[in-house]
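*Asks:* Data: model-v4.csv, CSV, C-alpha atoms.
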chain,number,residue,atom,x,y,z
E,1,MET,CA,123.6,33.7,84.4
E,2,SER,CA,121.0,36.1,83.3
E,3,PRO,CA,121.7,39.9,83.6
E,4,THR,CA,119.1,40.2,86.3
E,5,LEU,CA,120.4,37.3,88.3
E,6,SER,CA,124.0,38.6,87.9
E,7,HIS,CA,122.8,41.9,89.6
E,8,THR,CA,120.6,40.2,92.2
E,9,ILE,CA,123.2,37.9,93.9
E,10,PRO,CA,125.8,40.7,94.6
E,11,THR,CA,123.0,43.0,95.8
E,12,GLY,CA,121.6,40.3,98.1
E,13,ILE,CA,125.1,39.8,99.6
E,14,LEU,CA,125.5,43.5,100.1
E,15,LEU,CA,122.1,43.8,101.7
E,16,LEU,CA,122.9,41.0,104.1
E,17,ALA,CA,126.2,42.6,104.9
E,18,SER,CA,124.5,45.9,105.5
E,19,PHE,CA,122.3,44.5,108.2
E,20,ILE,CA,125.3,42.7,109.8
E,21,ILE,CA,127.3,45.9,109.7
E,22,GLU,CA,124.4,47.9,111.1
E,23,ALA,CA,123.8,45.5,114.0
E,24,ALA,CA,127.4,44.6,114.9
E,25,TRP,CA,129.6,47.6,114.0
E,26,ASN,CA,128.2,50.9,112.7
E,27,GLU,CA,124.5,51.7,112.2
E,28,GLN,CA,125.1,54.6,109.8
E,29,VAL,CA,127.6,52.7,107.6
E,30,GLY,CA,125.2,49.8,107.4
E,31,ARG,CA,122.3,52.0,106.4
E,32,LEU,CA,124.4,53.8,103.8
E,33,LEU,CA,125.6,50.5,102.3
E,34,ARG,CA,122.0,49.3,102.1
E,35,ALA,CA,120.9,52.5,100.4
E,36,ALA,CA,123.8,52.3,98.0
E,37,SER,CA,123.3,48.7,97.1
E,38,LEU,CA,119.5,49.2,96.6
E,39,SER,CA,120.1,52.2,94.5
E,40,GLY,CA,122.7,50.5,92.3
E,41,TYR,CA,120.3,47.6,91.7
E,42,ALA,CA,117.2,49.7,91.2
E,43,LEU,CA,118.9,52.1,88.8
E,44,ARG,CA,120.1,49.1,86.7
E,45,VAL,CA,116.8,47.3,86.7
E,46,VAL,CA,114.1,50.0,86.9
E,47,PRO,CA,114.2,53.1,84.6
E,48,LEU,CA,113.9,55.5,87.5
E,49,LEU,CA,115.8,58.3,85.8
E,50,GLU,CA,113.1,58.5,83.2
E,51,LEU,CA,109.6,59.6,83.6
E,52,PRO,CA,107.1,56.7,83.1
E,53,LYS,CA,106.5,56.0,79.5
E,54,LEU,CA,102.9,54.8,80.2
E,55,ARG,CA,100.8,57.8,81.1
E,56,ARG,CA,98.8,55.9,83.6
E,57,PHE,CA,98.3,56.6,87.2
E,58,SER,CA,99.6,53.2,88.1
E,59,ALA,CA,102.9,53.8,86.3
E,60,TRP,CA,103.4,57.1,88.1
E,61,MET,CA,102.6,55.5,91.4
E,62,LEU,CA,105.1,52.7,90.9
E,63,TRP,CA,107.7,55.3,89.8
E,64,LEU,CA,107.0,57.3,93.0
E,65,GLY,CA,107.0,54.2,95.1
E,66,PHE,CA,110.5,53.2,93.9
E,67,TRP,CA,111.8,56.7,94.5
E,68,CYS,CA,110.3,56.8,98.0
E,69,LEU,CA,111.9,53.4,98.8
E,70,LEU,CA,115.4,54.7,97.8
E,71,VAL,CA,115.1,58.2,99.2
E,72,GLY,CA,113.9,56.8,102.5
E,73,GLN,CA,116.9,54.5,102.7
E,74,TRP,CA,119.3,57.3,101.9
E,75,LEU,CA,117.7,59.7,104.4
E,76,ALA,CA,117.9,57.0,107.1
E,77,GLY,CA,121.6,56.7,106.5
E,78,ILE,CA,122.4,60.4,106.1
E,79,PHE,CA,120.1,61.7,109.0
E,80,PRO,CA,120.2,59.1,111.7
E,81,ASP,CA,118.1,61.3,114.0
E,82,TYR,CA,115.3,61.0,111.5
E,83,GLU,CA,115.6,57.3,110.9
E,84,ILE,CA,112.1,56.4,111.8
E,85,VAL,CA,110.4,59.0,109.6
E,86,SER,CA,112.8,58.1,106.8
E,87,LEU,CA,111.9,54.4,107.1
E,88,HIS,CA,108.2,55.3,107.0
E,89,LEU,CA,109.0,57.0,103.7
E,90,THR,CA,110.5,53.6,102.6
E,91,PHE,CA,107.6,51.5,103.9
E,92,VAL,CA,104.5,53.7,103.5
E,93,GLY,CA,105.6,55.5,100.3
E,94,GLY,CA,107.7,52.7,98.9
E,95,PHE,CA,106.7,49.2,99.8
E,96,SER,CA,103.0,49.9,100.5
E,97,VAL,CA,102.6,51.7,97.1
E,98,ILE,CA,104.5,49.1,95.2
E,99,THR,CA,102.8,46.2,96.8
E,100,LEU,CA,99.3,47.4,96.4
E,101,ILE,CA,99.7,48.7,92.8
E,102,LEU,CA,101.5,45.5,91.7
E,103,GLY,CA,99.0,43.4,93.6
E,104,ALA,CA,96.1,45.1,91.7
E,105,ARG,CA,97.9,44.5,88.5
E,106,VAL,CA,98.5,40.8,89.2
E,107,ILE,CA,94.8,40.3,90.2
E,108,SER,CA,93.6,42.1,87.1
E,109,VAL,CA,95.8,40.0,84.8
E,110,HIS,CA,95.2,36.6,86.4
E,111,CYS,CA,91.5,37.0,87.4
E,112,GLY,CA,90.1,38.8,84.4
E,113,PRO,CA,89.0,42.2,85.4
E,114,GLU,CA,91.5,43.8,83.0
E,115,LYS,CA,89.1,46.7,82.5
E,116,MET,CA,89.6,47.6,86.1
E,117,TRP,CA,93.2,48.2,85.3
E,118,SER,CA,93.1,49.8,81.9
E,119,GLY,CA,90.0,52.0,82.4
E,120,ARG,CA,89.7,54.8,84.8
E,121,ALA,CA,90.7,52.6,87.7
E,122,ARG,CA,89.0,54.8,90.3
E,123,GLY,CA,89.6,52.3,93.1
E,124,LEU,CA,93.3,52.2,92.3
E,125,LYS,CA,93.5,56.0,92.1
E,126,SER,CA,91.7,56.2,95.5
E,127,VAL,CA,94.2,53.8,97.0
E,128,GLY,CA,97.1,55.8,95.6
E,129,LEU,CA,95.8,59.1,96.8
E,130,PHE,CA,95.1,57.8,100.3
E,131,LEU,CA,98.6,56.3,100.5
E,132,ILE,CA,100.1,59.6,99.5
E,133,ALA,CA,98.0,61.3,102.2
E,134,ALA,CA,99.2,58.7,104.7
E,135,LEU,CA,102.8,59.4,103.7
E,136,ILE,CA,102.5,63.2,103.9
E,137,SER,CA,100.7,62.9,107.3
E,138,ARG,CA,103.4,60.7,108.7
E,139,VAL,CA,106.2,62.9,107.5
E,140,VAL,CA,104.5,66.0,108.8
E,141,SER,CA,104.1,64.4,112.2
E,142,ASP,CA,107.8,64.7,112.9
E,143,PHE,CA,107.7,68.4,112.3
E,144,THR,CA,104.5,69.1,114.3
E,145,LEU,CA,105.6,67.9,117.7
E,146,TRP,CA,102.7,69.7,119.4
E,147,TYR,CA,100.3,67.3,117.5
E,148,TYR,CA,102.7,64.4,116.9
E,149,PHE,CA,100.4,61.5,118.0
E,150,GLY,CA,97.4,63.1,116.4
E,151,MET,CA,99.2,63.2,113.0
E,152,LEU,CA,100.3,59.6,113.5
E,153,HIS,CA,96.6,58.7,113.9
E,154,VAL,CA,95.7,60.6,110.8
E,155,ALA,CA,98.4,58.9,108.8
E,156,ALA,CA,97.4,55.4,110.1
E,157,GLY,CA,93.7,56.3,109.2
E,158,PHE,CA,94.6,57.2,105.7
E,159,TRP,CA,96.7,54.0,105.3
E,160,MET,CA,93.8,51.9,106.6
E,161,VAL,CA,91.3,53.5,104.3
E,162,ALA,CA,93.7,52.8,101.3
E,163,ALA,CA,94.0,49.2,102.4
E,164,LEU,CA,90.2,48.8,102.8
E,165,ILE,CA,89.5,50.3,99.4
E,166,TRP,CA,92.1,48.0,97.9
E,167,GLY,CA,90.6,45.0,99.7
E,168,PHE,CA,87.0,45.8,98.7
E,169,ALA,CA,88.0,46.6,95.1
E,170,TYR,CA,90.4,43.6,94.4
E,171,ILE,CA,89.9,40.8,96.9
E,172,PRO,CA,86.4,39.8,95.6
E,173,LYS,CA,87.9,39.5,92.1
E,174,LEU,CA,90.2,36.6,93.3
E,175,GLY,CA,87.3,34.2,93.3
E,176,ARG,CA,86.3,34.9,89.7
E,177,ILE,CA,88.8,33.7,87.2
E,178,GLU,CA,87.6,34.7,83.7
E,179,GLU,CA,88.6,32.6,80.7
E,180,GLY,CA,88.9,33.5,77.2
Represent the structure contained in this file as structure tokens.

*Replies:*
Amino acid sequence: MSPTLSHTIPTGILLLASFIIEAAWNEQVGRLLRAASLSGYALRVVPLLELPKLRRFSAWMLWLGFWCLLVGQWLAGIFPDYEIVSLHLTFVGGFSVITLILGARVISVHCGPEKMWSGRARGLKSVGLFLIAALISRVVSDFTLWYYFGMLHVAAGFWMVAALIWGFAYIPKLGRIEEG
């Protein structure tokens, strides 16, 4: 069994158990088990305790995305009253960032516009900045109750702009596979 697979199977079992525990027995224990198992796996597989070696915006965004994913899980377990905003940290700051950055990388590698990745990558930077703005707006919404729904709209707007920029920048590249 490869080292990655030897970490993946126990983590998968712990993740499954965390959902069962959360649903059937104790929500907070399930969330904390999920946070611990994800953290254990991520810290073994991803060099999160080091700053990114590549001094590229994409590397910093991925690093930030993984941290948001883990911190959001821990906060959901530690502060159950703030579970929803914590999970938005996981999903908006974590999964959205990781998915869109890695998606851009996959498209640039397989479809040829490598210069989009290795150059200034203005589209990717715009996506990252709008995702950060969406995350900040969403987190702030829980602390500005007098304007809660307005801030949710602002956060959703920033996220949609990020998704649109990503779509316009990368989806057209899918039809053009460059050879050579």

*Asks:* Would you mind listing what lies within 7 Å of range 82-93 of chain E as a list of chain:residue names, with all atoms listed in the file counted and same-chain residues fewer than 5 positions away left out?

*Replies:*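 The contact residues come out as E:Gly65, E:Cys68, E:Leu69, E:Leu70, E:Gly72, E:Gln73, E:Leu75, E:Ala76, E:Ile132, E:Leu135, E:Val139.
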
*Asks:* Using CA of Gly167 in chain E and CA of Leu124 in chain E as the two end points, give the distance in Å to one decimal.

*Replies:*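 About the pair CA of Gly167 in chain E and CA of Leu124 in chain E: they are 10.7 Å apart.
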
*Asks:* Between CA of Leu48 in chain E and CA of Val161 in chain E, what is the distance in Å, rounded to a tenth?

*Replies:* 28.2 Å

*Asks:* Tell me which residues come within 12 Å of (97.1, 50.6, 87.5), as an MDAnalysis selection string, counting only C-alpha atoms in the file's coordinates.

*Replies:* chainID E and resid 54:63 97:109 113:128 166 170

*Asks:* To one decimal in Å, tell me the separation between CA of Trp74 in chain E and CA of Ala133 in chain E.

*Replies:*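 It comes out at 21.7 Å.
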
*Asks:* Can you tell me, as a PDB file with C-alpha atoms, keeping the file's coordinate frame, what residues are no more than 10 Å from range 20-32 of chain E when counting all atoms listed in the file, ignoring any on the same chain fewer than 2 positions away?

*Replies:*
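Written output follows (out-v9.pdb):
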ATOM      1  CA  LEU E  14     125.500  43.500 100.100  1.00  0.00           C
ATOM      2  CA  LEU E  15     122.100  43.800 101.700  1.00  0.00           C
ATOM      3  CA  LEU E  16     122.900  41.000 104.100  1.00  0.00           C
ATOM      4  CA  ALA E  17     126.200  42.600 104.900  1.00  0.00           C
ATOM      5  CA  SER E  18     124.500  45.900 105.500  1.00  0.00           C
ATOM      6  CA  ARG E  34     122.000  49.300 102.100  1.00  0.00           C
ATOM      7  CA  ALA E  35     120.900  52.500 100.400  1.00  0.00           C
ATOM      8  CA  ALA E  36     123.800  52.300  98.000  1.00  0.00           C
ATOM      9  CA  SER E  37     123.300  48.700  97.100  1.00  0.00           C
ATOM     10  CA  LEU E  38     119.500  49.200  96.600  1.00  0.00           C
ATOM     11  CA  GLN E  73     116.900  54.500 102.700  1.00  0.00           C
ATOM     12  CA  TRP E  74     119.300  57.300 101.900  1.00  0.00           C
ATOM     13  CA  LEU E  75     117.700  59.700 104.400  1.00  0.00           C
ATOM     14  CA  ALA E  76     117.900  57.000 107.100  1.00  0.00           C
ATOM     15  CA  GLY E  77     121.600  56.700 106.500  1.00  0.00           C
ATOM     16  CA  ILE E  78     122.400  60.400 106.100  1.00  0.00           C
ATOM     17  CA  PHE E  79     120.100  61.700 109.000  1.00  0.00           C
ATOM     18  CA  PRO E  80     120.200  59.100 111.700  1.00  0.00           C
ATOM     19  CA  GLU E  83     115.600  57.300 110.900  1.00  0.00           C
TER      20      GLU E  83
END

*Asks:* For Val140 in chain E, please output as a ChimeraX atom specification all residues within 12 Å (counting only C-alpha atoms; exclusion window: fewer than 3 positions along the same chain).

*Replies:* /E:85-86,88-89,133-137,143-155

*Asks:* Name the closest residue to Leu164 in chain E among the candidates E:Leu131, E:Phe19, E:Glu50, E:Gly40; distances are taken between atoms, counting only C-alpha atoms.

*Replies:*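 With only C-alpha atoms as the atom set, the closest residue is E:Leu131.
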